[in-house]
Every structure is written in structure tokens, then in C-alpha cells.
Amino acid sequence: MLAVIKNLRDKKLSTQINITYGVILLSTLIITNIGTTAGVYYLFHHQAARAIDISVEKTVKRVNETQKIDENFFGIDIMPSVIFRVTDERGEKIFDSKPYFTSTEKMLKLVRKNPPFWSSDKYILLETPHSFFYYKDLPLEVDGKIFHFQFLRTITFEKQYIRYLLWTLFFADLIGLGLALMAGNILGKKVLKPLKEVTKTAREISIGNMNKRLTIKNSGEEVNELSQTFNTMLDRLEKSFAQQQRFIADASHELRTPITVIRGYADMLEKYGAEDAEIFEEATAEIKKSAQNMQYLVENLLFLARADAGTQPLKKIPLEINDILKITIESFKNPRLEFVDDKIFETVGDAEFLKKMFAAFIDNALIYSQEKVFVTLKNLENSAVVEISDSGIGIAPENLDKIFDRFFRGDKARVKSDEDKISAGLGLSIAKWIADNHGVKIKIESELGKGTTFKLTINR
């Protein structure tokens, strides 16, 4: 049985559907036919038993009323379908409603030893090659003598009817099963056609051809939903692949720059460093700075890689946002930063990661503004809002959805020139991941030429 199931699983889906549908339909038909046949058998046998019951009741009643056997006695109203015979105690026949019918002695040689469950256990079941009979022998004492009242009820017509019924059901089942399998095959092909379209489209999609989409129409709500879901998935994959390509290109560019600087100054050291102290000092300083840039970039890339893989650990503990902000602002040592504090706000989070998140937003504000940057903590009842505001050049509306993309930067012409600043365009991407994993909601208000405000809502 397991081998059959395994073999079925290896078949095409359309074949599996047809076979499964056929097996279920055939099983249903067989069970229905068995139930119908058993019910018809029970009904006919019950009717036969009931006819004998009525005849027996009438006979007993007549005997009790007359207490004698004479020619008037046999005017009893026996059921027409019942063969009625009376013999005396010596077995001599006194009355026979159908004398041409086979004798009772011969009939008793045809007793069925194992009657079916639907037959009555009150009567003896006799069976010939073409007929069933119920037989009842009722001995009664009349006028001091024992008489045997015999009742026979044929089920010949019923048995033939059931045989015809079985053959009719059999051929009807074959025809119905055949039509059902044909219809199932046609319907299965129609239903599975969209899946073949999905397979075909999936095969045509490649790295160089990510714009292929399904165009399945009028195939039912479920198939249309599948088509839309598949196309949505392809949109996400295409966007993700484009971001990945851009990410790789940007990372390569960011790494290429410090490597080029290091190689250039290393060559300069090799040629002139031993003789010129000024060149030696300049080269070593630039090499150190470029190495720091590379370290910063690599650390951020590793952070994002762990974040994407879901392996970046978080150590959340009770803490005060006020203290986290003070420590972060002090680490910048920048006189342009001004902190407006409110009453203490406590929450649960990873202190180091929250410092990194606030630092990214503050760093962004300092880069794009020459004026003061205000960091404000507004303590509400169940949440707090940290606002980081600058009066810089602002963010263009078309860039608001891009500022958290990796390696995205605004117009380079408007970036603050600061040789000591190490930036690779990953800070806000990391900050967004930290915010999402702390339940922090980010809102951006910006206007070109007037400045930008990041509002970070933190829950307790």
C-alpha cells in the first residue's frame, strides 16, 4: 500500500488528481450501491415477513373463534401472496391454497444455513436457484387434535428485481465513473494550466531578465490571486536584486577609495619616506585615516549582514533614554549640538545599539547643516519623542523614501566638508534596523532650504 502511495506521489499532479478523484468517486459509488442493495433486500424481506405475520395472526384468531376445522374454516382471509397449507398430525394434507406448487417436504430440503443479516430470524429462509421463500410451521390444537398450519411467502420477483437493479447500478457506475474521469481530466488541465504558465515564466526569469510577469486572466479568483502574488514576489525579488547589485557596487566603490589611498601613500613612503620627514608624517596619517575608514565600513557591513541573517544579538535591559542621549551627545564633542531635556523616561532596550541609533541621526544632522542641531526629549505618559532638528538644506521629497537605503547619500555638493568625518552611507540603514527592533517609530519632517526634523517615538 505504501509503495502504491509513493508511486502515486511520483506522478504528475493532474494524474494524482484524476486517480484520487476516481478512487473517491468509486468508493462512494460502491458504498452507496451496497447500502442501496442491502436496504432493498431488507425492505423486501421485511414485507414478506409482514405478510406471514398477518396471515398467522388471522389464522390464530380464526382457530380461537371456531375451534374446529371444516370447509368453512378455509374461507379465512389469508394474504394473497402467502401459500397456505394445513396438515393433520399424521402429515396428511387437509388444505393447500396452491396445490400445484412444490410440496413442503421438497422445499424444506432447501433451507439456507447462513441467512443474511437482513432476513427475519422468526422464519426459516429457503433458497432455490431463482427464488427466496420464508417458511413458517405453526402447530395448533383444534378440538383436541394437533394441526400444522404452514405458511410460505415467495420473494422470487424481488430477487430478480434486485439482480436487475445491481446490473443497472453497475453499468450506471461505469458510465458515471468514465464521464467523471473525463470531466475531471478536462477540468484538471484547465485548473493546472495557470501553474504551467507559472512554471514557464519562472524558467524564463534570469538575472538578466527580471522583468517577466504573469498575464493570467479569467481563470478564477484563486488563480488570479496566485498570479498577483507571484508577480508581487517577482517585484520584490527584482527590487531586492537591484538593491543587492547597487549595494555590492557601492561597497566595492567605498572599499576601493581607501585601498587606493593606502597604496598611493605606501608607494610615496617607499620612494621618499626615509628621506623626507614631512612626507612620512603625511603618508602615515592618511594611511591610518583610510584604515579607519575601511574598519568602520567593514564593521557596518558585518553588522548589516548579521542583521539580515537574523543573528545580530540584542541585550535589552531597563534603561533611561535621558542618560543614553547625554552620553551619545557628549561623545561628539561638538559645540553645535544642544540638548533639551525633559523629565526622566525609562524603557527597555539595548543601550549600545540605542546609542548607535541616536548617533546616526545626530551625525546626519551635523553633516547636512552648518547651524546648531537641537536634540529634544519630550516625555509623554506612555511614550517619549526624541526630536533631532537641524536648519540645513533639507531633504528633497523624492529622497524621503531612500534615505534609509544602504549607501544612499544626498547631493554631495551640500554635504559638510569635514576631513575628520568618516561616513559611508550606512549609518541611517543601521539606525532603521535598530529602531525597528526596538519598536521605535520614525517620522521625518523636512523642507528644502529650511532643515529636517527626525521624530523618534519610543514606548516604555
# chains A, B, ... in the order shown; residues from 1 in each chain; ligands from 1
$ select_by_dssp --residues "stretch 82-315 of chain A" --states "alpha helix (DSSP H)" --output "PDB file with C-alpha atoms, in the first residue's frame"
ATOM      1  CA  THR A 104     -43.393 -28.594   1.580  1.00  0.00           C
ATOM      2  CA  GLU A 105     -41.178 -31.679   2.025  1.00  0.00           C
ATOM      3  CA  LYS A 106     -39.116 -30.774  -1.042  1.00  0.00           C
ATOM      4  CA  MET A 107     -38.971 -27.136  -0.060  1.00  0.00           C
ATOM      5  CA  THR A 156     -38.941 -14.591  -6.385  1.00  0.00           C
ATOM      6  CA  PHE A 157     -39.857 -11.336  -8.086  1.00  0.00           C
ATOM      7  CA  GLU A 158     -37.904  -9.310  -5.572  1.00  0.00           C
ATOM      8  CA  LYS A 159     -34.744 -11.351  -6.089  1.00  0.00           C
ATOM      9  CA  GLN A 160     -34.953 -10.893  -9.860  1.00  0.00           C
ATOM     10  CA  TYR A 161     -35.623  -7.210  -9.372  1.00  0.00           C
ATOM     11  CA  ILE A 162     -32.545  -6.860  -7.184  1.00  0.00           C
ATOM     12  CA  ARG A 163     -30.414  -8.691  -9.753  1.00  0.00           C
ATOM     13  CA  TYR A 164     -31.578  -6.278 -12.445  1.00  0.00           C
ATOM     14  CA  LEU A 165     -31.012  -3.397 -10.033  1.00  0.00           C
ATOM     15  CA  LEU A 166     -27.431  -4.499  -9.352  1.00  0.00           C
ATOM     16  CA  TRP A 167     -26.616  -4.766 -13.036  1.00  0.00           C
ATOM     17  CA  THR A 168     -28.227  -1.393 -13.698  1.00  0.00           C
ATOM     18  CA  LEU A 169     -26.247   0.214 -10.891  1.00  0.00           C
ATOM     19  CA  PHE A 170     -23.052  -1.453 -12.112  1.00  0.00           C
ATOM     20  CA  PHE A 171     -23.358  -0.122 -15.663  1.00  0.00           C
ATOM     21  CA  ALA A 172     -24.548   3.265 -14.409  1.00  0.00           C
ATOM     22  CA  ASP A 173     -21.497   3.438 -12.132  1.00  0.00           C
ATOM     23  CA  LEU A 174     -19.154   2.565 -15.001  1.00  0.00           C
ATOM     24  CA  ILE A 175     -20.688   5.219 -17.240  1.00  0.00           C
ATOM     25  CA  GLY A 176     -20.741   7.785 -14.414  1.00  0.00           C
ATOM     26  CA  LEU A 177     -17.141   6.997 -13.437  1.00  0.00           C
ATOM     27  CA  GLY A 178     -15.987   7.302 -17.043  1.00  0.00           C
ATOM     28  CA  LEU A 179     -17.769  10.624 -17.551  1.00  0.00           C
ATOM     29  CA  ALA A 180     -16.492  11.896 -14.205  1.00  0.00           C
ATOM     30  CA  LEU A 181     -12.886  10.979 -15.062  1.00  0.00           C
ATOM     31  CA  MET A 182     -13.202  12.664 -18.450  1.00  0.00           C
ATOM     32  CA  ALA A 183     -14.667  15.784 -16.854  1.00  0.00           C
ATOM     33  CA  GLY A 184     -12.002  15.673 -14.125  1.00  0.00           C
ATOM     34  CA  ASN A 185      -9.263  15.395 -16.736  1.00  0.00           C
ATOM     35  CA  ILE A 186     -10.600  18.383 -18.684  1.00  0.00           C
ATOM     36  CA  LEU A 187     -11.147  20.425 -15.522  1.00  0.00           C
ATOM     37  CA  GLY A 188      -7.745  19.406 -14.149  1.00  0.00           C
ATOM     38  CA  LYS A 189      -5.994  20.606 -17.300  1.00  0.00           C
ATOM     39  CA  LYS A 190      -7.894  23.884 -17.123  1.00  0.00           C
ATOM     40  CA  VAL A 191      -7.072  24.386 -13.454  1.00  0.00           C
ATOM     41  CA  LEU A 192      -3.424  23.375 -13.851  1.00  0.00           C
ATOM     42  CA  LYS A 193      -2.877  25.482 -16.962  1.00  0.00           C
ATOM     43  CA  PRO A 194      -2.036  28.587 -14.873  1.00  0.00           C
ATOM     44  CA  LEU A 195       0.517  26.514 -12.930  1.00  0.00           C
ATOM     45  CA  LYS A 196       2.177  25.609 -16.216  1.00  0.00           C
ATOM     46  CA  GLU A 197       2.213  29.311 -17.045  1.00  0.00           C
ATOM     47  CA  VAL A 198       3.891  29.968 -13.693  1.00  0.00           C
ATOM     48  CA  THR A 199       6.467  27.263 -14.432  1.00  0.00           C
ATOM     49  CA  LYS A 200       7.111  28.644 -17.910  1.00  0.00           C
ATOM     50  CA  THR A 201       7.507  32.180 -16.587  1.00  0.00           C
ATOM     51  CA  ALA A 202       9.791  31.008 -13.779  1.00  0.00           C
ATOM     52  CA  ARG A 203      12.029  29.261 -16.324  1.00  0.00           C
ATOM     53  CA  GLU A 204      12.243  32.401 -18.438  1.00  0.00           C
ATOM     54  CA  GLU A 221     -10.384  34.114  -8.203  1.00  0.00           C
ATOM     55  CA  GLU A 222      -7.855  31.687  -6.698  1.00  0.00           C
ATOM     56  CA  VAL A 223      -5.703  31.556  -9.837  1.00  0.00           C
ATOM     57  CA  ASN A 224      -5.834  35.335 -10.260  1.00  0.00           C
ATOM     58  CA  GLU A 225      -4.771  35.693  -6.647  1.00  0.00           C
ATOM     59  CA  LEU A 226      -1.896  33.262  -7.274  1.00  0.00           C
ATOM     60  CA  SER A 227      -0.875  35.268 -10.330  1.00  0.00           C
ATOM     61  CA  GLN A 228      -0.924  38.541  -8.401  1.00  0.00           C
ATOM     62  CA  THR A 229       1.021  37.014  -5.521  1.00  0.00           C
ATOM     63  CA  PHE A 230       3.612  35.580  -7.888  1.00  0.00           C
ATOM     64  CA  ASN A 231       4.011  38.919  -9.669  1.00  0.00           C
ATOM     65  CA  THR A 232       4.309  40.712  -6.334  1.00  0.00           C
ATOM     66  CA  MET A 233       7.008  38.252  -5.313  1.00  0.00           C
ATOM     67  CA  LEU A 234       8.854  38.918  -8.579  1.00  0.00           C
ATOM     68  CA  ASP A 235       8.603  42.668  -7.945  1.00  0.00           C
ATOM     69  CA  ARG A 236      10.172  42.192  -4.513  1.00  0.00           C
ATOM     70  CA  LEU A 237      12.874  39.917  -5.939  1.00  0.00           C
ATOM     71  CA  GLU A 238      13.668  42.378  -8.703  1.00  0.00           C
ATOM     72  CA  LYS A 239      13.843  45.247  -6.235  1.00  0.00           C
ATOM     73  CA  SER A 240      15.926  43.187  -3.816  1.00  0.00           C
ATOM     74  CA  PHE A 241      18.283  42.088  -6.583  1.00  0.00           C
ATOM     75  CA  ALA A 242      18.664  45.656  -7.794  1.00  0.00           C
ATOM     76  CA  GLN A 243      19.406  46.778  -4.232  1.00  0.00           C
ATOM     77  CA  GLN A 244      21.903  43.958  -3.850  1.00  0.00           C
ATOM     78  CA  GLN A 245      23.672  44.902  -7.072  1.00  0.00           C
ATOM     79  CA  ARG A 246      23.730  48.545  -6.023  1.00  0.00           C
ATOM     80  CA  PHE A 247      24.920  47.532  -2.552  1.00  0.00           C
ATOM     81  CA  ILE A 248      27.790  45.462  -3.979  1.00  0.00           C
ATOM     82  CA  ALA A 249      28.766  48.235  -6.372  1.00  0.00           C
ATOM     83  CA  ASP A 250      28.660  50.879  -3.609  1.00  0.00           C
ATOM     84  CA  ALA A 251      30.566  48.681  -1.163  1.00  0.00           C
ATOM     85  CA  SER A 252      33.208  47.988  -3.792  1.00  0.00           C
ATOM     86  CA  HIS A 253      33.496  51.704  -4.506  1.00  0.00           C
ATOM     87  CA  GLU A 254      33.737  52.600  -0.810  1.00  0.00           C
ATOM     88  CA  LEU A 255      36.447  49.981  -0.263  1.00  0.00           C
ATOM     89  CA  ARG A 256      38.305  50.903  -3.433  1.00  0.00           C
ATOM     90  CA  THR A 257      38.805  54.507  -2.308  1.00  0.00           C
ATOM     91  CA  PRO A 258      40.737  53.858   0.957  1.00  0.00           C
ATOM     92  CA  ILE A 259      42.653  50.992  -0.661  1.00  0.00           C
ATOM     93  CA  THR A 260      43.751  53.337  -3.453  1.00  0.00           C
ATOM     94  CA  VAL A 261      44.782  55.961  -0.906  1.00  0.00           C
ATOM     95  CA  ILE A 262      46.732  53.422   1.155  1.00  0.00           C
ATOM     96  CA  ARG A 263      48.550  52.070  -1.905  1.00  0.00           C
ATOM     97  CA  GLY A 264      49.352  55.578  -3.130  1.00  0.00           C
ATOM     98  CA  TYR A 265      50.816  56.725   0.157  1.00  0.00           C
ATOM     99  CA  ALA A 266      52.594  53.405   0.631  1.00  0.00           C
ATOM    100  CA  ASP A 267      54.339  53.957  -2.722  1.00  0.00           C
ATOM    101  CA  MET A 268      55.194  57.514  -1.627  1.00  0.00           C
ATOM    102  CA  ALA A 277      60.040  63.541   7.455  1.00  0.00           C
ATOM    103  CA  GLU A 278      57.107  65.702   6.307  1.00  0.00           C
ATOM    104  CA  ILE A 279      56.116  63.206   3.610  1.00  0.00           C
ATOM    105  CA  PHE A 280      56.497  60.357   6.110  1.00  0.00           C
ATOM    106  CA  GLU A 281      54.169  62.079   8.606  1.00  0.00           C
ATOM    107  CA  GLU A 282      51.569  62.946   5.943  1.00  0.00           C
ATOM    108  CA  ALA A 283      51.591  59.434   4.475  1.00  0.00           C
ATOM    109  CA  THR A 284      51.266  57.638   7.801  1.00  0.00           C
ATOM    110  CA  ALA A 285      48.388  59.926   8.834  1.00  0.00           C
ATOM    111  CA  GLU A 286      46.476  59.319   5.607  1.00  0.00           C
ATOM    112  CA  ILE A 287      47.119  55.577   5.742  1.00  0.00           C
ATOM    113  CA  LYS A 288      45.801  55.494   9.301  1.00  0.00           C
ATOM    114  CA  LYS A 289      42.742  57.525   8.347  1.00  0.00           C
ATOM    115  CA  SER A 290      41.987  55.291   5.354  1.00  0.00           C
ATOM    116  CA  ALA A 291      42.435  52.196   7.516  1.00  0.00           C
ATOM    117  CA  GLN A 292      39.947  53.647   9.995  1.00  0.00           C
ATOM    118  CA  ASN A 293      37.515  54.279   7.129  1.00  0.00           C
ATOM    119  CA  MET A 294      37.870  50.671   5.999  1.00  0.00           C
ATOM    120  CA  GLN A 295      37.439  49.362   9.535  1.00  0.00           C
ATOM    121  CA  TYR A 296      34.315  51.492  10.018  1.00  0.00           C
ATOM    122  CA  LEU A 297      32.873  50.304   6.696  1.00  0.00           C
ATOM    123  CA  VAL A 298      33.665  46.638   7.296  1.00  0.00           C
ATOM    124  CA  GLU A 299      32.198  46.748  10.811  1.00  0.00           C
ATOM    125  CA  ASN A 300      28.990  48.289   9.474  1.00  0.00           C
ATOM    126  CA  LEU A 301      28.800  45.756   6.647  1.00  0.00           C
ATOM    127  CA  LEU A 302      29.226  42.911   9.129  1.00  0.00           C
ATOM    128  CA  PHE A 303      26.540  44.451  11.326  1.00  0.00           C
ATOM    129  CA  LEU A 304      24.080  44.605   8.425  1.00  0.00           C
ATOM    130  CA  ALA A 305      24.993  41.059   7.329  1.00  0.00           C
ATOM    131  CA  ARG A 306      24.207  39.737  10.823  1.00  0.00           C
ATOM    132  CA  ALA A 307      21.027  41.807  10.874  1.00  0.00           C
ATOM    133  CA  ASP A 308      19.883  40.372   7.524  1.00  0.00           C
ATOM    134  CA  ALA A 309      20.674  36.846   8.734  1.00  0.00           C
TER     135      ALA A 309
END
$ closest_residue --among "A:Arg62, A:Arg336, A:His438, A:Lys326" --to "A:Val142" --atoms "only C-alpha atoms"
A:Arg62
$ select_by_dssp --residues "stretch 330-423 of chain A" --states "strand (DSSP E or B)" --output "list in words"
Leu337, Glu338, Phe339, Val340, Glu346, Thr347, Val348, Gly349, Val373, Phe374, Val375, Thr376, Leu377, Lys378, Asn379, Ser383, Ala384, Val385, Val386, Glu387, Ile388, Ser389 and Asp390 of chain A
$ residues_around --residues "stretch 34-43 of chain A" --least-positions-apart "3" --cutoff "7 Å" --atoms "only C-alpha atoms" --output "ChimeraX atom specification"
/A:30-31,46-47,118-119
$ write_last_selection --atoms "N, CA, C and O atoms" --output "mmCIF file, in the first residue's frame"
data_model
loop_
_atom_site.group_PDB
_atom_site.id
_atom_site.type_symbol
_atom_site.label_atom_id
_atom_site.label_comp_id
_atom_site.auth_asym_id
_atom_site.auth_seq_id
_atom_site.Cartn_x
_atom_site.Cartn_y
_atom_site.Cartn_z
ATOM 1 N N ILE A 30 -19.515 2.489 -4.641
ATOM 2 C CA ILE A 30 -19.583 1.124 -4.095
ATOM 3 C C ILE A 30 -20.327 1.112 -2.768
ATOM 4 O O ILE A 30 -21.214 0.279 -2.533
ATOM 5 N N ILE A 31 -19.970 2.057 -1.889
ATOM 6 C CA ILE A 31 -20.646 2.123 -0.581
ATOM 7 C C ILE A 31 -22.132 2.417 -0.769
ATOM 8 O O ILE A 31 -22.991 1.806 -0.115
ATOM 9 N N HIS A 46 -38.585 -7.795 4.710
ATOM 10 C CA HIS A 46 -39.479 -7.316 5.753
ATOM 11 C C HIS A 46 -40.938 -7.391 5.303
ATOM 12 O O HIS A 46 -41.825 -7.786 6.082
ATOM 13 N N GLN A 47 -41.201 -7.028 4.041
ATOM 14 C CA GLN A 47 -42.570 -7.120 3.518
ATOM 15 C C GLN A 47 -43.058 -8.572 3.501
ATOM 16 O O GLN A 47 -44.220 -8.854 3.833
ATOM 17 N N TRP A 118 -30.139 -9.259 6.803
ATOM 18 C CA TRP A 118 -31.391 -8.536 6.612
ATOM 19 C C TRP A 118 -32.629 -9.445 6.679
ATOM 20 O O TRP A 118 -33.741 -8.965 6.639
ATOM 21 N N SER A 119 -32.432 -10.760 6.747
ATOM 22 C CA SER A 119 -33.579 -11.676 6.809
ATOM 23 C C SER A 119 -34.099 -11.770 8.235
ATOM 24 O O SER A 119 -33.366 -11.569 9.208
#
$ residues_around --residues "A:Gln67" --least-positions-apart "4" --cutoff "12 Å" --atoms "only C-alpha atoms" --output "list of chain:residue names"
A:Thr59, A:Val60, A:Lys61, A:Arg62, A:Val63, A:Asn72, A:Phe73, A:Leu140, A:Glu141, A:Val142, A:Asp143, A:Gly144, A:Lys145, A:Ile146, A:Phe147
$ atom_distance --atom1 "atom CA of A:Ser383" --atom2 "atom CA of A:Val440"
10.0 Å
$ residues_around --residues "stretch 122-124 of chain A" --least-positions-apart "2" --cutoff "6 Å" --atoms "only C-alpha atoms" --output "count of residues only"
4
$ residues_around --residues "A:Pro99" --least-positions-apart "3" --cutoff "12 Å" --atoms "only C-alpha atoms" --output "compact mmCIF listing (two decimals) with N, CA and C atoms, in the first residue's frame"
# COMPACT_ATOMS: atom_id res chain seq x y z
N ILE A 83 -48.62 -18.64 0.52
CA ILE A 83 -49.09 -20.01 0.27
C ILE A 83 -49.47 -20.61 1.62
N PHE A 84 -50.73 -21.07 1.72
CA PHE A 84 -51.27 -21.56 2.99
C PHE A 84 -51.60 -23.04 2.89
N ARG A 85 -51.02 -23.85 3.77
CA ARG A 85 -51.25 -25.29 3.78
C ARG A 85 -51.56 -25.75 5.21
N VAL A 86 -52.45 -26.77 5.28
CA VAL A 86 -52.81 -27.33 6.59
C VAL A 86 -52.70 -28.85 6.50
N LYS A 93 -52.37 -34.00 4.04
CA LYS A 93 -52.74 -32.65 3.63
C LYS A 93 -54.24 -32.48 3.71
N ILE A 94 -54.67 -31.45 4.40
CA ILE A 94 -56.09 -31.13 4.51
C ILE A 94 -56.47 -29.97 3.61
N PHE A 95 -55.57 -29.02 3.50
CA PHE A 95 -55.85 -27.85 2.66
C PHE A 95 -54.55 -27.34 2.05
N ASP A 96 -54.64 -26.86 0.78
CA ASP A 96 -53.48 -26.29 0.11
C ASP A 96 -53.98 -25.18 -0.81
N THR A 102 -44.62 -26.60 -5.45
CA THR A 102 -43.73 -27.63 -4.91
C THR A 102 -44.13 -27.99 -3.49
N SER A 103 -44.08 -29.27 -3.17
CA SER A 103 -44.50 -29.75 -1.85
C SER A 103 -43.59 -29.20 -0.75
N THR A 104 -44.16 -29.13 0.45
CA THR A 104 -43.39 -28.59 1.58
C THR A 104 -42.19 -29.47 1.89
$ closest_residue --among "A:Ile430, A:Leu448, A:Ile69, A:Ile317" --to "A:Ala359" --atoms "only C-alpha atoms"
A:Ile430
$ atom_distance --atom1 "atom CA of A:Thr215" --atom2 "atom CA of A:Asp401"
29.5 Å
$ closest_residue --among "A:Glu275, A:Glu387, A:Glu57, A:Glu447" --to "A:Phe358" --atoms "only C-alpha atoms"
A:Glu387
$ closest_residue --among "A:Glu270, A:Asp350, A:Asp363, A:Asp390" --to "A:Gly425" --atoms "only C-alpha atoms"
A:Asp363
$ residues_around --residues "A:Phe345" --least-positions-apart "5" --cutoff "7 Å" --atoms "only C-alpha atoms" --output "number ranges by chain"
A: 320-322, 379, 384
$ closest_residue --among "A:Leu125, A:Met210, A:Ile24, A:Met357" --to "A:Val386" --atoms "only C-alpha atoms"
A:Met357
